[in-house]
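What follows is a set of notes on a single structure, which appears directly below.
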Amino acid sequence: TVWQQEYERWQKRDLSGKRYVYFWVDGVYCNVRMDDKQCLLVIVGATVEGEKELVAIEGGFRESELSWSQLLIDLKSRGLANGPQLAVGDGALGFWKAIGKVFPMSKCQRCWVHKTANVLNNLPKSLQSKAKSHLHQIWQAENREEAERYFKSFVNAYEAKYPKAAQCLQKDHSSLLIFYDFPAEHWRHIRTTNPIESTFATVRLRTNKVRGCFSANTVLTMAFKLCECAQKRWIRLHRPERLAEVIKGLKFVNGIEENRIAA
């Protein structure tokens, strides 16, 4: 089909002029039966101009380091010389090991939406709403010091009776707070994998209406086209001029460039 050909051409496109400052990454399961336990491996990138664009969408295994490595190596072989300064994603991805090997300079931020859901799963229903507000306080904190205080108080409040909930939060401690080392204007974008989540809510909606067994190719092509349409509505990053500063390697402390603090 025409869509299939478009997708195949897009998969081979030259990336040598491209630079992505941030990656949002996820392994998305659609509501259709695909071959095996495959899911869609999705990467959305932020360009230096602050636009969000679809970088990759492939079939693979979400938890598999091999699938993600192949995808990243393919991007590199097509000319993507530099990895992102920061990648944002869920904890259950083989992606983290893969990016550490392919683009070792990239920092990693765990998605707060995923992490909140994982923590709440370890608590009884009656406590979930209060715990959710507690978690919100952490990632909405004005600065890292305040976030650390809320972090500690969450662990103290739950670890005696619900050790699994406390452990779930603690094990990604440092990678949950990496966003404080990036411009404050971008925090709303980089604390979660929202560009992917919101886009795939509509993809799932479409595939829901056409239940049945699809070939992996059909699902991929359909998801690619839906992402292409969604891309037109993706919100540009706030204060895109900060992206050039991030690429230059300027140091940010609690979201503010160090030199501006000194001044």
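Ordering of the structure tokens sets the chain letters (A, B, ...), residue numbers begin anew at 1 in every chain, and ligands are numbered from 1 in the order given.
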Name the residues in contact with Gln109 in chain A at a cut-off of 6 Å, using only C-alpha atoms, excluding same-chain residues fewer than 6 positions from it; report them as a compact mmCIF listing (two decimals) with N, CA and C atoms, in the first residue's frame.
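Just written: around32.txt:
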```txt
# COMPACT_ATOMS: atom_id res chain seq x y z
N VAL A 88 13.77 10.65 28.34
CA VAL A 88 12.72 10.50 29.35
C VAL A 88 11.94 9.24 29.06
N SER A 175 17.42 9.15 39.21
CA SER A 175 16.94 9.41 37.84
C SER A 175 15.53 10.02 37.81
N LEU A 176 14.89 10.13 38.97
CA LEU A 176 13.59 10.82 39.01
C LEU A 176 13.78 12.33 39.15
N ILE A 178 16.57 14.15 37.89
CA ILE A 178 17.55 14.70 36.93
C ILE A 178 17.04 16.00 36.30
```
Inset, instruction - Could you find all residues in range 148-251 of chain A that DSSP calls alpha helix (DSSP H) from the backbone, and write them as JSON, numbers by chain? - result: {"A": [148, 149, 150, 151, 152, 153, 154, 155, 156, 157, 158, 163, 164, 165, 166, 167, 168, 169, 170, 173, 174, 175, 176, 187, 188, 189, 190, 194, 195, 196, 197, 198, 199, 200, 201, 202, 203, 204, 205, 206, 207, 208, 209, 216, 217, 218, 219, 220, 221, 222, 223, 224, 225, 226, 227, 228, 229, 230, 231, 241, 242, 243, 244, 245, 246, 247, 248]}
Can you list every residue of range 125-232 of chain A that has an atom at most 10 Å from range 12-28 of chain A, with its nearest atom pair and the distance in Å to one decimal, using only C-alpha atoms, ordered by chain then number, as JSON lines?
```
{"residue": "A:His189", "atom": "CA", "partner": "A:Trp24", "partner_atom": "CA", "distance": 9.4}
{"residue": "A:Ile190", "atom": "CA", "partner": "A:Tyr22", "partner_atom": "CA", "distance": 7.9}
{"residue": "A:Arg191", "atom": "CA", "partner": "A:Trp24", "partner_atom": "CA", "distance": 9.9}
{"residue": "A:Thr192", "atom": "CA", "partner": "A:Trp24", "partner_atom": "CA", "distance": 8.1}
{"residue": "A:Thr193", "atom": "CA", "partner": "A:Trp24", "partner_atom": "CA", "distance": 5.5}
{"residue": "A:Asn194", "atom": "CA", "partner": "A:Trp24", "partner_atom": "CA", "distance": 8.2}
{"residue": "A:Pro195", "atom": "CA", "partner": "A:Trp24", "partner_atom": "CA", "distance": 7.4}
{"residue": "A:Ile196", "atom": "CA", "partner": "A:Trp24", "partner_atom": "CA", "distance": 7.2}
{"residue": "A:Glu197", "atom": "CA", "partner": "A:Asp26", "partner_atom": "CA", "distance": 8.6}
{"residue": "A:Phe200", "atom": "CA", "partner": "A:Val28", "partner_atom": "CA", "distance": 7.7}
{"residue": "A:Arg204", "atom": "CA", "partner": "A:Val28", "partner_atom": "CA", "distance": 9.6}
```
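Taking CA of Thr116 in chain A as the reference point, CA of Lys232 in chain A is found at 29.0 Å.
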So that I can see what lies close to Lys251 in chain A, please list as a short mmCIF file (atom, residue, chain, number, x, y, z; two decimals) with all heavy atoms, in the first residue's frame the residues with an atom at most 8 Å from it, counting only C-alpha atoms and leaving out residues fewer than 4 positions away in the same chain.
```cif
data_model
loop_
_atom_site.label_atom_id
_atom_site.label_comp_id
_atom_site.auth_asym_id
_atom_site.auth_seq_id
_atom_site.Cartn_x
_atom_site.Cartn_y
_atom_site.Cartn_z
N ASP A 181 18.47 19.52 36.69
CA ASP A 181 19.71 19.95 36.02
C ASP A 181 19.45 20.54 34.64
O ASP A 181 20.38 20.76 33.86
CB ASP A 181 20.68 18.75 35.85
CG ASP A 181 21.09 18.15 37.19
OD1 ASP A 181 20.97 18.85 38.21
OD2 ASP A 181 21.50 16.97 37.21
N PHE A 182 18.18 20.76 34.31
CA PHE A 182 17.80 21.28 32.99
C PHE A 182 16.95 22.54 33.18
O PHE A 182 16.46 22.79 34.29
CB PHE A 182 17.06 20.20 32.20
CG PHE A 182 17.99 19.11 31.73
CD1 PHE A 182 18.34 18.06 32.58
CD2 PHE A 182 18.57 19.17 30.47
CE1 PHE A 182 19.24 17.09 32.17
CE2 PHE A 182 19.47 18.19 30.05
CZ PHE A 182 19.81 17.15 30.90
N VAL A 246 21.49 24.22 26.44
CA VAL A 246 21.62 22.82 26.90
C VAL A 246 22.66 22.09 26.04
O VAL A 246 23.52 21.38 26.55
CB VAL A 246 20.25 22.09 26.85
CG1 VAL A 246 20.42 20.61 27.16
CG2 VAL A 246 19.27 22.72 27.84
N GLU A 257 20.37 28.72 34.88
CA GLU A 257 21.74 28.61 34.42
C GLU A 257 22.69 29.17 35.49
O GLU A 257 22.43 30.22 36.07
CB GLU A 257 21.89 29.38 33.11
CG GLU A 257 23.15 29.00 32.37
CD GLU A 257 23.80 30.20 31.73
OE1 GLU A 257 23.09 30.98 31.08
OE2 GLU A 257 25.02 30.33 31.90
N GLU A 258 23.76 28.46 35.75
CA GLU A 258 24.67 28.78 36.86
C GLU A 258 25.15 30.22 36.82
O GLU A 258 25.18 30.91 37.83
CB GLU A 258 25.87 27.82 36.82
CG GLU A 258 26.32 27.43 38.19
CD GLU A 258 27.33 26.30 38.16
OE1 GLU A 258 27.95 26.05 37.10
OE2 GLU A 258 27.51 25.67 39.20
#
```
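Interatomic distance, CA of Ala92 in chain A to CA of Glu63 in chain A: 6.1 Å.
Closest approach to Gly94 in chain A from the set A:Leu41, A:Leu123, A:Val48, A:Asn143 is made by A:Leu41, with distances taken over only C-alpha atoms.
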Inset, instruction - Give me the residues within 12 Å of Phe179 in chain A as number ranges by chain, counting only C-alpha atoms and dropping any in the same chain fewer than 4 places off. - result: A: 22, 85-88, 107-112, 139-144, 147, 174-175, 183-192, 252-256
How would the residues just chosen look if you wrote them out with C-alpha atoms as a PDB file, in the first residue's frame?
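Listing of part11.pdb after writing:
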```pdb
ATOM      1  CA  TYR A  22      15.504  15.524  24.337  1.00  0.00           C
ATOM      2  CA  GLN A  85      21.171  15.436  26.204  1.00  0.00           C
ATOM      3  CA  LEU A  86      18.300  13.824  28.109  1.00  0.00           C
ATOM      4  CA  ALA A  87      16.042  10.820  27.509  1.00  0.00           C
ATOM      5  CA  VAL A  88      12.725  10.501  29.354  1.00  0.00           C
ATOM      6  CA  LYS A 107      21.309  11.562  30.835  1.00  0.00           C
ATOM      7  CA  CYS A 108      18.191   9.642  31.826  1.00  0.00           C
ATOM      8  CA  GLN A 109      15.013  10.929  33.494  1.00  0.00           C
ATOM      9  CA  ARG A 110      12.350   8.486  34.686  1.00  0.00           C
ATOM     10  CA  CYS A 111       8.768   9.414  33.826  1.00  0.00           C
ATOM     11  CA  TRP A 112       6.785  10.575  36.864  1.00  0.00           C
ATOM     12  CA  TRP A 139       8.091  16.522  41.420  1.00  0.00           C
ATOM     13  CA  GLN A 140       6.279  19.854  41.706  1.00  0.00           C
ATOM     14  CA  ALA A 141       8.864  21.120  44.214  1.00  0.00           C
ATOM     15  CA  GLU A 142      10.555  24.443  43.416  1.00  0.00           C
ATOM     16  CA  ASN A 143      14.051  23.011  43.779  1.00  0.00           C
ATOM     17  CA  ARG A 144      15.942  19.789  44.356  1.00  0.00           C
ATOM     18  CA  ALA A 147      12.047  17.664  46.430  1.00  0.00           C
ATOM     19  CA  SER A 174      18.451   9.922  41.316  1.00  0.00           C
ATOM     20  CA  SER A 175      16.936   9.407  37.841  1.00  0.00           C
ATOM     21  CA  PRO A 183      16.075  24.627  32.278  1.00  0.00           C
ATOM     22  CA  ALA A 184      13.061  25.242  34.530  1.00  0.00           C
ATOM     23  CA  GLU A 185      11.059  26.316  31.448  1.00  0.00           C
ATOM     24  CA  HIS A 186      11.337  22.739  30.152  1.00  0.00           C
ATOM     25  CA  TRP A 187      10.405  20.878  33.325  1.00  0.00           C
ATOM     26  CA  ARG A 188       6.759  20.518  32.336  1.00  0.00           C
ATOM     27  CA  HIS A 189       7.922  18.752  29.157  1.00  0.00           C
ATOM     28  CA  ILE A 190      10.641  16.508  30.538  1.00  0.00           C
ATOM     29  CA  ARG A 191       9.159  15.093  33.752  1.00  0.00           C
ATOM     30  CA  THR A 192       6.859  12.697  31.871  1.00  0.00           C
ATOM     31  CA  PHE A 252      21.777  24.432  35.218  1.00  0.00           C
ATOM     32  CA  VAL A 253      21.156  24.327  38.960  1.00  0.00           C
ATOM     33  CA  ASN A 254      17.505  23.941  39.991  1.00  0.00           C
ATOM     34  CA  GLY A 255      16.520  24.958  36.476  1.00  0.00           C
ATOM     35  CA  ILE A 256      18.535  28.188  36.377  1.00  0.00           C
TER      36      ILE A 256
END
```
Legend entry - Distance criterion (only C-alpha atoms): nearest to Trp96 in chain A out of A:Asn118, A:Ser69, A:Gln38, A:Ser77: A:Ser69
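Residues with any atom within 12 Å of range 154-156 of chain A, counting only C-alpha atoms and excluding same-chain neighbours fewer than 5 positions away, are A:Val119, A:Lys130, A:Ala131, A:Lys132, A:Ser133, A:His134, A:Leu135, A:His136, A:Gln137, A:Ile138, A:Ala147, A:Glu148, A:Arg149, A:Lys161, A:Tyr162, A:Pro163, A:Lys164, A:Ala165, A:Ala166, A:Gln167, A:Cys168, A:Leu169, A:Gln170, A:Lys171, A:His173.
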